[in-house]
$ cat data_14.pdb   # PDB, C-alpha atoms
MODEL        1
ATOM      1  CA  MET J   1     119.763 119.646 147.374
ATOM      2  CA  ARG J   2     122.792 117.363 147.400
ATOM      3  CA  ASN J   3     120.560 114.252 147.060
ATOM      4  CA  TYR J   4     118.703 115.865 144.142
ATOM      5  CA  ILE J   5     121.967 116.505 142.297
ATOM      6  CA  LEU J   6     123.155 112.951 142.931
ATOM      7  CA  ARG J   7     119.891 111.523 141.624
ATOM      8  CA  ASN J   8     120.220 113.560 138.409
ATOM      9  CA  ILE J   9     123.846 112.473 137.993
ATOM     10  CA  ARG J  10     122.832 108.826 138.382
ATOM     11  CA  ARG J  11     119.968 109.299 135.911
ATOM     12  CA  SER J  12     122.284 110.915 133.356
ATOM     13  CA  LEU J  13     124.839 108.140 133.753
ATOM     14  CA  SER J  14     122.127 105.495 133.292
ATOM     15  CA  LEU J  15     120.835 107.147 130.124
ATOM     16  CA  SER J  16     124.356 107.443 128.753
ATOM     17  CA  ALA J  17     124.975 103.787 129.482
ATOM     18  CA  LEU J  18     121.768 102.819 127.684
ATOM     19  CA  CYS J  19     122.740 104.895 124.650
ATOM     20  CA  VAL J  20     126.176 103.290 124.520
ATOM     21  CA  PHE J  21     124.597  99.847 124.904
ATOM     22  CA  ALA J  22     122.176 100.560 122.038
ATOM     23  CA  LEU J  23     124.987 101.775 119.796
ATOM     24  CA  VAL J  24     127.051  98.711 120.505
ATOM     25  CA  MET J  25     124.277  96.136 120.437
ATOM     26  CA  GLY J  26     122.225  97.564 117.534
ATOM     27  CA  PRO J  27     124.518  96.338 114.729
ATOM     28  CA  ALA J  28     125.172  93.136 116.643
ATOM     29  CA  ALA J  29     121.444  92.452 116.951
ATOM     30  CA  ALA J  30     120.944  93.128 113.237
ATOM     31  CA  GLN J  31     123.797  90.781 112.347
ATOM     32  CA  ASN J  32     122.377  88.155 114.691
ATOM     33  CA  ALA J  33     119.019  88.421 112.875
ATOM     34  CA  ALA J  34     120.799  87.947 109.543
ATOM     35  CA  ASP J  35     122.708  84.923 110.883
ATOM     36  CA  LYS J  36     119.423  83.281 111.887
ATOM     37  CA  TYR J  37     117.682  84.269 108.629
ATOM     38  CA  PRO J  38     115.620  82.510 107.477
ATOM     39  CA  ASP J  39     114.090  80.664 110.404
ATOM     40  CA  LYS J  40     110.519  80.590 109.059
ATOM     41  CA  PRO J  41     108.785  80.426 105.647
ATOM     42  CA  ILE J  42     109.504  83.128 103.062
ATOM     43  CA  LYS J  43     106.814  84.441 100.723
ATOM     44  CA  ILE J  44     107.603  85.665  97.197
ATOM     45  CA  ILE J  45     104.762  87.634  95.650
ATOM     46  CA  VAL J  46     104.303  87.506  91.883
ATOM     47  CA  PRO J  47     102.023  90.359  90.734
ATOM     48  CA  PHE J  48     100.678  88.335  87.776
ATOM     49  CA  PRO J  49      98.586  85.192  87.300
ATOM     50  CA  PRO J  50     100.304  81.784  87.178
ATOM     51  CA  GLY J  51     101.891  80.680  83.931
ATOM     52  CA  GLY J  52     103.740  83.758  82.698
ATOM     53  CA  SER J  53     107.481  84.408  82.625
ATOM     54  CA  THR J  54     107.376  86.381  85.894
ATOM     55  CA  ASP J  55     105.636  83.483  87.634
ATOM     56  CA  THR J  56     108.063  80.941  86.163
ATOM     57  CA  LEU J  57     111.043  83.009  87.278
ATOM     58  CA  GLY J  58     109.628  83.518  90.778
ATOM     59  CA  ARG J  59     108.970  79.809  91.233
ATOM     60  CA  ALA J  60     112.436  78.859  90.012
ATOM     61  CA  ILE J  61     114.046  81.216  92.546
ATOM     62  CA  ALA J  62     111.735  79.980  95.313
ATOM     63  CA  GLN J  63     112.678  76.383  94.611
ATOM     64  CA  LYS J  64     116.409  77.098  94.728
ATOM     65  CA  LEU J  65     116.172  79.145  97.931
ATOM     66  CA  GLN J  66     114.132  76.412  99.588
ATOM     67  CA  GLU J  67     116.662  73.771  98.583
ATOM     68  CA  LYS J  68     119.539  75.869  99.950
ATOM     69  CA  TRP J  69     118.001  77.073 103.199
ATOM     70  CA  GLY J  70     115.640  74.227 104.115
ATOM     71  CA  GLN J  71     112.778  76.620 104.816
ATOM     72  CA  PRO J  72     109.544  76.738 102.765
ATOM     73  CA  VAL J  73     109.628  79.488 100.114
ATOM     74  CA  LEU J  74     106.083  80.056  98.885
ATOM     75  CA  VAL J  75     104.964  81.865  95.737
ATOM     76  CA  GLU J  76     101.767  83.880  96.034
ATOM     77  CA  ASN J  77     100.153  85.241  92.857
ATOM     78  CA  ARG J  78      98.583  88.665  93.454
ATOM     79  CA  PRO J  79      97.622  89.938  89.974
ATOM     80  CA  GLY J  80      95.783  93.102  89.028
ATOM     81  CA  ALA J  81      95.961  96.896  88.794
ATOM     82  CA  SER J  82      99.175  96.846  86.748
ATOM     83  CA  THR J  83     101.055  95.082  89.588
ATOM     84  CA  LEU J  84      99.837  97.565  92.235
ATOM     85  CA  ILE J  85      97.921  94.922  94.203
ATOM     86  CA  GLY J  86     100.977  92.745  94.727
ATOM     87  CA  SER J  87     103.337  95.680  95.217
ATOM     88  CA  THR J  88     101.086  97.279  97.840
ATOM     89  CA  ALA J  89     101.033  94.044  99.816
ATOM     90  CA  VAL J  90     104.834  94.020  99.923
ATOM     91  CA  ALA J  91     105.182  97.741 100.690
ATOM     92  CA  LYS J  92     102.993  97.251 103.776
ATOM     93  CA  SER J  93     104.717  94.049 104.952
ATOM     94  CA  PRO J  94     107.177  93.906 107.867
ATOM     95  CA  PRO J  95     110.727  94.726 106.680
ATOM     96  CA  ASP J  96     112.209  91.450 107.862
ATOM     97  CA  GLY J  97     113.112  89.664 104.618
ATOM     98  CA  TYR J  98     110.183  87.248 104.767
ATOM     99  CA  THR J  99     108.059  88.988 102.114
ATOM    100  CA  LEU J 100     109.606  89.696  98.711
ATOM    101  CA  ILE J 101     108.319  90.506  95.241
ATOM    102  CA  VAL J 102     109.435  89.743  91.712
ATOM    103  CA  SER J 103     108.867  93.198  90.301
ATOM    104  CA  VAL J 104     108.856  94.202  86.641
ATOM    105  CA  SER J 105     109.039  97.313  84.493
ATOM    106  CA  SER J 106     105.579  98.538  85.464
ATOM    107  CA  HIS J 107     107.020  99.218  88.925
ATOM    108  CA  THR J 108     108.734 102.233  87.357
ATOM    109  CA  THR J 109     105.938 103.268  84.988
ATOM    110  CA  ASN J 110     103.018 103.216  87.419
ATOM    111  CA  PRO J 111     103.876 106.545  89.124
ATOM    112  CA  ALA J 112     103.352 108.467  85.869
ATOM    113  CA  MET J 113      99.994 106.777  85.200
ATOM    114  CA  GLN J 114      98.372 107.153  88.584
ATOM    115  CA  ALA J 115      96.604 110.172  89.998
ATOM    116  CA  SER J 116      97.757 108.850  93.375
ATOM    117  CA  MET J 117      99.824 105.882  94.460
ATOM    118  CA  PRO J 118      99.194 103.551  97.430
ATOM    119  CA  PHE J 119     102.927 103.636  98.171
ATOM    120  CA  ASP J 120     106.106 105.531  97.307
ATOM    121  CA  THR J 121     107.945 103.609  94.587
ATOM    122  CA  LEU J 122     111.367 104.755  95.754
ATOM    123  CA  LYS J 123     110.919 105.107  99.510
ATOM    124  CA  ASP J 124     108.818 102.015 100.319
ATOM    125  CA  PHE J 125     111.038  99.362  98.703
ATOM    126  CA  THR J 126     114.646  98.315  98.723
ATOM    127  CA  ALA J 127     116.285  96.329  95.953
ATOM    128  CA  VAL J 128     117.805  92.872  96.311
ATOM    129  CA  SER J 129     119.026  92.121  92.776
ATOM    130  CA  LEU J 130     118.218  92.392  89.106
ATOM    131  CA  LEU J 131     116.996  88.992  87.859
ATOM    132  CA  ALA J 132     116.482  89.078  84.117
ATOM    133  CA  ARG J 133     115.625  91.025  80.975
ATOM    134  CA  ALA J 134     113.333  90.044  78.113
ATOM    135  CA  PRO J 135     112.280  91.530  74.768
ATOM    136  CA  VAL J 136     108.651  92.170  73.829
ATOM    137  CA  LEU J 137     106.958  90.551  70.831
ATOM    138  CA  ALA J 138     103.874  91.314  68.804
ATOM    139  CA  VAL J 139     102.156  87.965  68.234
ATOM    140  CA  ALA J 140      98.970  86.930  66.469
ATOM    141  CA  ASN J 141      96.861  83.883  65.705
ATOM    142  CA  PRO J 142      98.364  81.822  62.839
ATOM    143  CA  ASN J 143      95.307  82.738  60.722
ATOM    144  CA  TYR J 144      95.766  86.477  61.198
ATOM    145  CA  PRO J 145      96.217  88.125  57.752
ATOM    146  CA  ALA J 146      99.353  90.095  58.716
ATOM    147  CA  SER J 147     102.619  88.185  59.154
ATOM    148  CA  ASN J 148     104.864  91.102  60.107
ATOM    149  CA  ILE J 149     104.674  94.763  61.088
ATOM    150  CA  LYS J 150     104.909  95.984  57.498
ATOM    151  CA  GLU J 151     101.856  93.920  56.525
ATOM    152  CA  LEU J 152     100.089  95.007  59.700
ATOM    153  CA  LEU J 153     100.640  98.636  58.727
ATOM    154  CA  SER J 154      99.452  98.147  55.140
ATOM    155  CA  LEU J 155      96.368  96.063  55.963
ATOM    156  CA  GLY J 156      95.528  98.151  59.021
ATOM    157  CA  LYS J 157      95.513 101.456  57.158
ATOM    158  CA  ALA J 158      93.350  99.863  54.475
ATOM    159  CA  GLY J 159      90.869  98.807  57.158
ATOM    160  CA  LYS J 160      91.186  95.121  56.223
ATOM    161  CA  ILE J 161      92.147  93.681  59.636
ATOM    162  CA  LYS J 162      91.169  93.986  63.277
ATOM    163  CA  LEU J 163      93.630  96.079  65.262
ATOM    164  CA  ASP J 164      92.603  95.352  68.831
ATOM    165  CA  TYR J 165      95.508  94.132  70.932
ATOM    166  CA  GLY J 166      96.098  92.805  74.423
ATOM    167  CA  SER J 167      98.866  93.368  76.950
ATOM    168  CA  ALA J 168      99.840  92.226  80.429
ATOM    169  CA  GLY J 169      98.379  95.421  81.911
ATOM    170  CA  ALA J 170      98.295  99.194  81.642
ATOM    171  CA  GLY J 171     101.774 100.684  81.736
ATOM    172  CA  THR J 172     103.567  97.349  81.439
ATOM    173  CA  MET J 173     106.385  97.190  78.923
ATOM    174  CA  THR J 174     104.131  95.134  76.662
ATOM    175  CA  HIS J 175     101.593  97.980  76.673
ATOM    176  CA  LEU J 176     104.206 100.726  76.219
ATOM    177  CA  THR J 177     105.805  98.887  73.300
ATOM    178  CA  ALA J 178     102.449  98.696  71.539
ATOM    179  CA  GLU J 179     101.766 102.372  72.190
ATOM    180  CA  LEU J 180     105.143 103.386  70.758
ATOM    181  CA  ILE J 181     104.344 101.413  67.589
ATOM    182  CA  LYS J 182     100.900 102.977  67.483
ATOM    183  CA  LYS J 183     102.415 106.448  67.789
ATOM    184  CA  GLN J 184     105.034 105.900  65.077
ATOM    185  CA  THR J 185     102.733 104.217  62.561
ATOM    186  CA  GLY J 186      99.533 106.146  63.187
ATOM    187  CA  LEU J 187      97.578 102.889  63.448
ATOM    188  CA  ASP J 188      94.348 103.204  65.418
ATOM    189  CA  MET J 189      94.930 100.136  67.597
ATOM    190  CA  THR J 190      92.551  99.479  70.488
ATOM    191  CA  HIS J 191      94.060  98.321  73.781
ATOM    192  CA  ILE J 192      92.261  95.460  75.541
ATOM    193  CA  LEU J 193      93.477  95.334  79.141
ATOM    194  CA  TYR J 194      94.258  91.944  80.718
ATOM    195  CA  LYS J 195      95.423  90.913  84.176
ATOM    196  CA  GLY J 196      98.625  89.369  82.869
ATOM    197  CA  GLY J 197     100.061  88.192  79.582
ATOM    198  CA  THR J 198      98.824  84.600  79.730
ATOM    199  CA  PRO J 199      95.061  85.360  79.560
ATOM    200  CA  ALA J 200      95.665  87.664  76.568
ATOM    201  CA  MET J 201      97.745  85.009  74.836
ATOM    202  CA  LEU J 202      95.027  82.395  75.323
ATOM    203  CA  ASP J 203      92.434  84.719  73.768
ATOM    204  CA  VAL J 204      94.683  85.228  70.734
ATOM    205  CA  MET J 205      95.141  81.478  70.348
ATOM    206  CA  SER J 206      91.378  80.938  70.519
ATOM    207  CA  GLY J 207      90.693  83.698  67.985
ATOM    208  CA  HIS J 208      88.880  86.025  70.409
ATOM    209  CA  LEU J 209      91.629  88.660  70.202
ATOM    210  CA  ALA J 210      93.465  89.828  67.093
ATOM    211  CA  MET J 211      96.943  90.054  68.592
ATOM    212  CA  THR J 212      98.843  90.702  71.781
ATOM    213  CA  PHE J 213     102.161  92.061  72.946
ATOM    214  CA  ALA J 214     104.001  89.730  75.301
ATOM    215  CA  THR J 215     107.441  88.845  76.590
ATOM    216  CA  LEU J 216     109.207  86.006  74.833
ATOM    217  CA  GLY J 217     108.958  83.794  77.903
ATOM    218  CA  GLN J 218     105.173  83.945  77.747
ATOM    219  CA  VAL J 219     104.839  82.907  74.107
ATOM    220  CA  GLN J 220     107.949  80.995  73.019
ATOM    221  CA  PRO J 221     106.473  77.476  73.449
ATOM    222  CA  GLN J 222     103.340  78.470  71.498
ATOM    223  CA  LEU J 223     105.453  80.040  68.741
ATOM    224  CA  LYS J 224     107.513  76.873  68.393
ATOM    225  CA  ALA J 225     104.340  74.768  68.349
ATOM    226  CA  GLY J 226     102.802  76.904  65.588
ATOM    227  CA  LYS J 227      99.934  78.059  67.803
ATOM    228  CA  LEU J 228     101.014  81.693  67.448
ATOM    229  CA  LYS J 229     103.036  83.671  64.943
ATOM    230  CA  ALA J 230     105.357  86.578  65.657
ATOM    231  CA  LEU J 231     105.071  89.894  63.811
ATOM    232  CA  GLY J 232     108.210  91.398  65.331
ATOM    233  CA  ILE J 233     110.423  91.659  68.393
ATOM    234  CA  SER J 234     111.623  94.680  70.391
ATOM    235  CA  SER J 235     115.267  93.676  70.874
ATOM    236  CA  ASP J 236     118.027  95.782  69.339
ATOM    237  CA  GLN J 237     119.179  92.780  67.281
ATOM    238  CA  ARG J 238     117.564  89.471  66.425
ATOM    239  CA  TYR J 239     117.184  87.389  69.555
ATOM    240  CA  ALA J 240     119.502  84.389  69.827
ATOM    241  CA  SER J 241     116.840  81.848  70.777
ATOM    242  CA  MET J 242     114.382  83.016  68.060
ATOM    243  CA  PRO J 243     116.620  84.257  65.211
ATOM    244  CA  ASP J 244     113.897  84.072  62.527
ATOM    245  CA  ILE J 245     111.812  86.848  64.100
ATOM    246  CA  PRO J 246     112.606  90.283  62.591
ATOM    247  CA  THR J 247     113.122  93.178  64.980
ATOM    248  CA  PHE J 248     110.885  96.233  64.926
ATOM    249  CA  LYS J 249     113.987  98.243  64.028
ATOM    250  CA  GLU J 250     114.693  96.309  60.848
ATOM    251  CA  GLN J 251     111.040  96.787  59.882
ATOM    252  CA  GLY J 252     111.505 100.544  59.975
ATOM    253  CA  LEU J 253     110.374 101.375  63.534
ATOM    254  CA  ASP J 254     112.482 103.106  66.151
ATOM    255  CA  VAL J 255     111.185 100.858  68.927
ATOM    256  CA  VAL J 256     113.628  99.062  71.223
ATOM    257  CA  THR J 257     112.261  98.077  74.632
ATOM    258  CA  THR J 258     113.101  95.545  77.320
ATOM    259  CA  GLU J 259     111.045  94.110  80.135
ATOM    260  CA  TRP J 260     113.140  93.794  83.283
ATOM    261  CA  PHE J 261     112.637  91.625  86.344
ATOM    262  CA  GLY J 262     113.999  92.381  89.804
ATOM    263  CA  LEU J 263     113.671  91.104  93.360
ATOM    264  CA  LEU J 264     112.558  93.735  95.894
ATOM    265  CA  ALA J 265     111.905  93.809  99.632
ATOM    266  CA  PRO J 266     110.093  96.311 101.868
ATOM    267  CA  ALA J 267     112.090  99.421 102.766
ATOM    268  CA  GLY J 268     113.893  99.077 106.063
ATOM    269  CA  THR J 269     114.825  95.428 105.575
ATOM    270  CA  PRO J 270     118.170  95.033 107.397
ATOM    271  CA  PRO J 271     121.156  95.468 105.042
ATOM    272  CA  ALA J 272     122.671  92.217 106.338
ATOM    273  CA  ILE J 273     119.575  90.291 105.215
ATOM    274  CA  ILE J 274     119.568  92.072 101.839
ATOM    275  CA  ALA J 275     123.239  91.119 101.430
ATOM    276  CA  LYS J 276     122.463  87.484 102.295
ATOM    277  CA  LEU J 277     119.608  87.357  99.779
ATOM    278  CA  ASN J 278     121.724  89.094  97.136
ATOM    279  CA  ALA J 279     124.533  86.555  97.488
ATOM    280  CA  GLU J 280     122.108  83.641  97.091
ATOM    281  CA  VAL J 281     120.314  85.210  94.115
ATOM    282  CA  LYS J 282     123.607  85.768  92.293
ATOM    283  CA  GLN J 283     124.430  82.074  92.646
ATOM    284  CA  ILE J 284     120.951  81.056  91.506
ATOM    285  CA  MET J 285     120.978  83.272  88.408
ATOM    286  CA  ALA J 286     124.392  81.903  87.384
ATOM    287  CA  ASN J 287     123.150  78.291  87.575
ATOM    288  CA  PRO J 288     123.279  76.733  84.067
ATOM    289  CA  GLU J 289     120.272  74.570  84.884
ATOM    290  CA  LEU J 290     118.171  77.673  85.471
ATOM    291  CA  GLY J 291     119.383  79.120  82.175
ATOM    292  CA  ASP J 292     118.188  75.991  80.385
ATOM    293  CA  ARG J 293     114.748  76.268  82.009
ATOM    294  CA  LEU J 294     114.408  79.982  81.230
ATOM    295  CA  ALA J 295     116.090  80.225  77.829
ATOM    296  CA  SER J 296     113.523  82.751  76.619
ATOM    297  CA  ILE J 297     114.772  85.475  78.974
ATOM    298  CA  GLU J 298     118.241  86.843  79.569
ATOM    299  CA  LEU J 299     119.134  85.938  83.146
ATOM    300  CA  ALA J 300     121.114  88.506  85.116
ATOM    301  CA  SER J 301     122.038  89.607  88.611
ATOM    302  CA  SER J 302     123.364  92.777  90.162
ATOM    303  CA  SER J 303     124.215  94.506  93.381
ATOM    304  CA  ALA J 304     121.319  95.922  95.366
ATOM    305  CA  GLU J 305     122.751  99.394  94.764
ATOM    306  CA  PHE J 306     122.730  98.909  90.997
ATOM    307  CA  LEU J 307     119.059  97.939  90.946
ATOM    308  CA  ASN J 308     118.084 100.822  93.227
ATOM    309  CA  ASP J 309     119.831 103.263  90.863
ATOM    310  CA  PHE J 310     118.399 101.537  87.779
ATOM    311  CA  ILE J 311     114.852 101.920  89.105
ATOM    312  CA  LYS J 312     115.416 105.657  89.582
ATOM    313  CA  THR J 313     116.753 105.930  86.020
ATOM    314  CA  GLU J 314     113.791 104.032  84.543
ATOM    315  CA  ILE J 315     111.294 106.291  86.308
ATOM    316  CA  THR J 316     113.059 109.306  84.817
ATOM    317  CA  ARG J 317     113.156 107.691  81.368
ATOM    318  CA  TRP J 318     109.517 106.655  81.072
ATOM    319  CA  ASP J 319     107.735 109.440  82.933
ATOM    320  CA  PRO J 320     107.796 111.954  80.014
ATOM    321  CA  VAL J 321     106.938 109.215  77.471
ATOM    322  CA  ILE J 322     103.865 108.117  79.412
ATOM    323  CA  ARG J 323     102.699 111.689  79.916
ATOM    324  CA  GLU J 324     103.169 112.480  76.223
ATOM    325  CA  LEU J 325     101.201 109.379  75.228
ATOM    326  CA  LYS J 326      98.602 110.206  77.897
ATOM    327  CA  ILE J 327      98.531 106.634  79.182
ATOM    328  CA  LYS J 328      96.371 106.373  82.277
ATOM    329  CA  MET J 329      95.330 103.477  84.432
ATOM    330  CA  ASN J 330      91.941 102.185  83.255
TER     331      ASN J 330
ENDMDL
END

$ encode --input "data_14.pdb" --output "structure tokens"
Amino acid sequence: MRNYILRNIRRSLSLSALCVFALVMGPAAAQNAADKYPDKPIKIIVPFPPGGSTDTLGRAIAQKLQEKWGQPVLVENRPGASTLIGSTAVAKSPPDGYTLIVSVSSHTTNPAMQASMPFDTLKDFTAVSLLARAPVLAVANPNYPASNIKELLSLGKAGKIKLDYGSAGAGTMTHLTAELIKKQTGLDMTHILYKGGTPAMLDVMSGHLAMTFATLGQVQPQLKAGKLKALGISSDQRYASMPDIPTFKEQGLDVVTTEWFGLLAPAGTPPAIIAKLNAEVKQIMANPELGDRLASIELASSSAEFLNDFIKTEITRWDPVIRELKIKMN
């Protein structure tokens, strides 16, 4: 009996020692992982095809991180399904800081459009930092009869112009902006779904599509070259880099929208690694050289906590709008 009791005492003491060791070493091990991070290539997923503003932003960040850390930072384009393909890949990746995503507004609009989601938008991701904001424009081929929203409304109601339009995908801010205009004006515009803003823009330039809604970063060079013309912009005031484009507001529409860009990681990524990434991203986004390269979008940064809270707020904001408009994933 005495030996039995002694064995149990020893076992209890051993378990207690292990628990204490785990409590002491757990944070130390996590910090050690952050100190070594990164010690292998990092992958940044862009959920759109190459060439758009999201891709440009992702590649600029990848380049700067690679220069700073001396490890390859690769950009992988995973377009389709209103960013769900790329987002699902990240949600199911190991939470070690080596797989990230440049997410956009559709991250917060997809839950309202889907009968079921392949991941939990709030629980399966953790924020790193806000990256940028950008207004949405309605743009058309230079030969399109309408030159602004007022003319679009007049000619459209008279049945004198085509009213099919493209967007970067169902539920993206480009799509939602168009649907808000459609709702306010009563125009019977037909949505043509694309896997990203660049393919839609190219079809407008070639004359295969009447018009498209896109972020400024996607279309600014073509606007300046005269290959596209802008019918309006969704900013609250005229945009500094394109001051000649009238806002939707000044054309009589209560439509003010902004595409946002943020860097996310899988849920469970160690806080020390998130903090290390956040510190680097803040320096990158404040770099004047990057601002010169991405003048068409408003560069920003934030704490991880701010972006996590912002995502929750955006879901709450857009959920009733999407349900009212009955926007569903095609």

$ closest_residue --input "data_14.pdb" --among "J:Val139, J:Ala286, J:Leu216, J:Leu193" --to "Ser82 in chain J" --atoms "only C-alpha atoms"
J:Leu193

$ axis_aligned_box --input "data_14.pdb" --around "range 105-121 of chain J" --padding-each-side "5 Å" --output "JSON"
{"center_x": 102.8, "center_y": 103.7, "center_z": 91.3, "size_x": 22.4, "size_y": 22.9, "size_z": 23.7}

$ resolve_selection --input "data_14.pdb" --expression "the PyMOL selection byres ((chain J and resi 127) around 6)" --output "ChimeraX atom specification"
/J:126,128-129,264,304,307-308

$ write_last_selection --input "data_14.pdb" --atoms "C-alpha atoms" --output "CSV table (one decimal), in the coordinates of the input"
chain,number,residue,atom,x,y,z
J,126,THR,CA,114.6,98.3,98.7
J,128,VAL,CA,117.8,92.9,96.3
J,129,SER,CA,119.0,92.1,92.8
J,264,LEU,CA,112.6,93.7,95.9
J,304,ALA,CA,121.3,95.9,95.4
J,307,LEU,CA,119.1,97.9,90.9
J,308,ASN,CA,118.1,100.8,93.2

$ closest_residue --input "data_14.pdb" --among "J:Thr109, J:Ser234, J:Thr99, J:Gln283" --to "Ile327 in chain J" --atoms "only C-alpha atoms"
J:Thr109

$ atom_distance --input "data_14.pdb" --atom1 "CA of Lys43 in chain J" --atom2 "CA of Leu74 in chain J"
4.8 Å

$ closest_residue --input "data_14.pdb" --among "J:Leu187, J:Asp319, J:Gly268, J:Ser53" --to "Gln220 in chain J" --atoms "all atoms listed in the file"
J:Ser53

$ resolve_selection --input "data_14.pdb" --expression "the PyMOL selection byres ((chain J and resi 133) around 10)" --output "ChimeraX atom specification"
/J:104-105,130-132,134-135,215,258-262,296-300

$ atom_distance --input "data_14.pdb" --atom1 "CA of Arg238 in chain J" --atom2 "CA of Pro142 in chain J"
21.0 Å

$ closest_residue --input "data_14.pdb" --among "J:Ser301, J:Met205, J:Thr185, J:Glu324" --to "Ser154 in chain J" --atoms "all atoms listed in the file"
J:Thr185

$ resolve_selection --input "data_14.pdb" --expression "the PyMOL selection byres ((chain J and resi 321) around 12)" --output "PyMOL selection string"
chain J and resi 109+112-113+171+176-177+179-180+183+314-320+322-328

$ atom_distance --input "data_14.pdb" --atom1 "CA of Tyr144 in chain J" --atom2 "CA of Ala240 in chain J"
25.3 Å

$ closest_residue --input "data_14.pdb" --among "J:Thr212, J:Gln184, J:Ser235, J:Thr190" --to "Gly166 in chain J" --atoms "only C-alpha atoms"
J:Thr212

$ closest_residue --input "data_14.pdb" --among "J:Pro243, J:Pro94, J:Pro199, J:Gly156" --to "Ala168 in chain J" --atoms "only C-alpha atoms"
J:Pro199
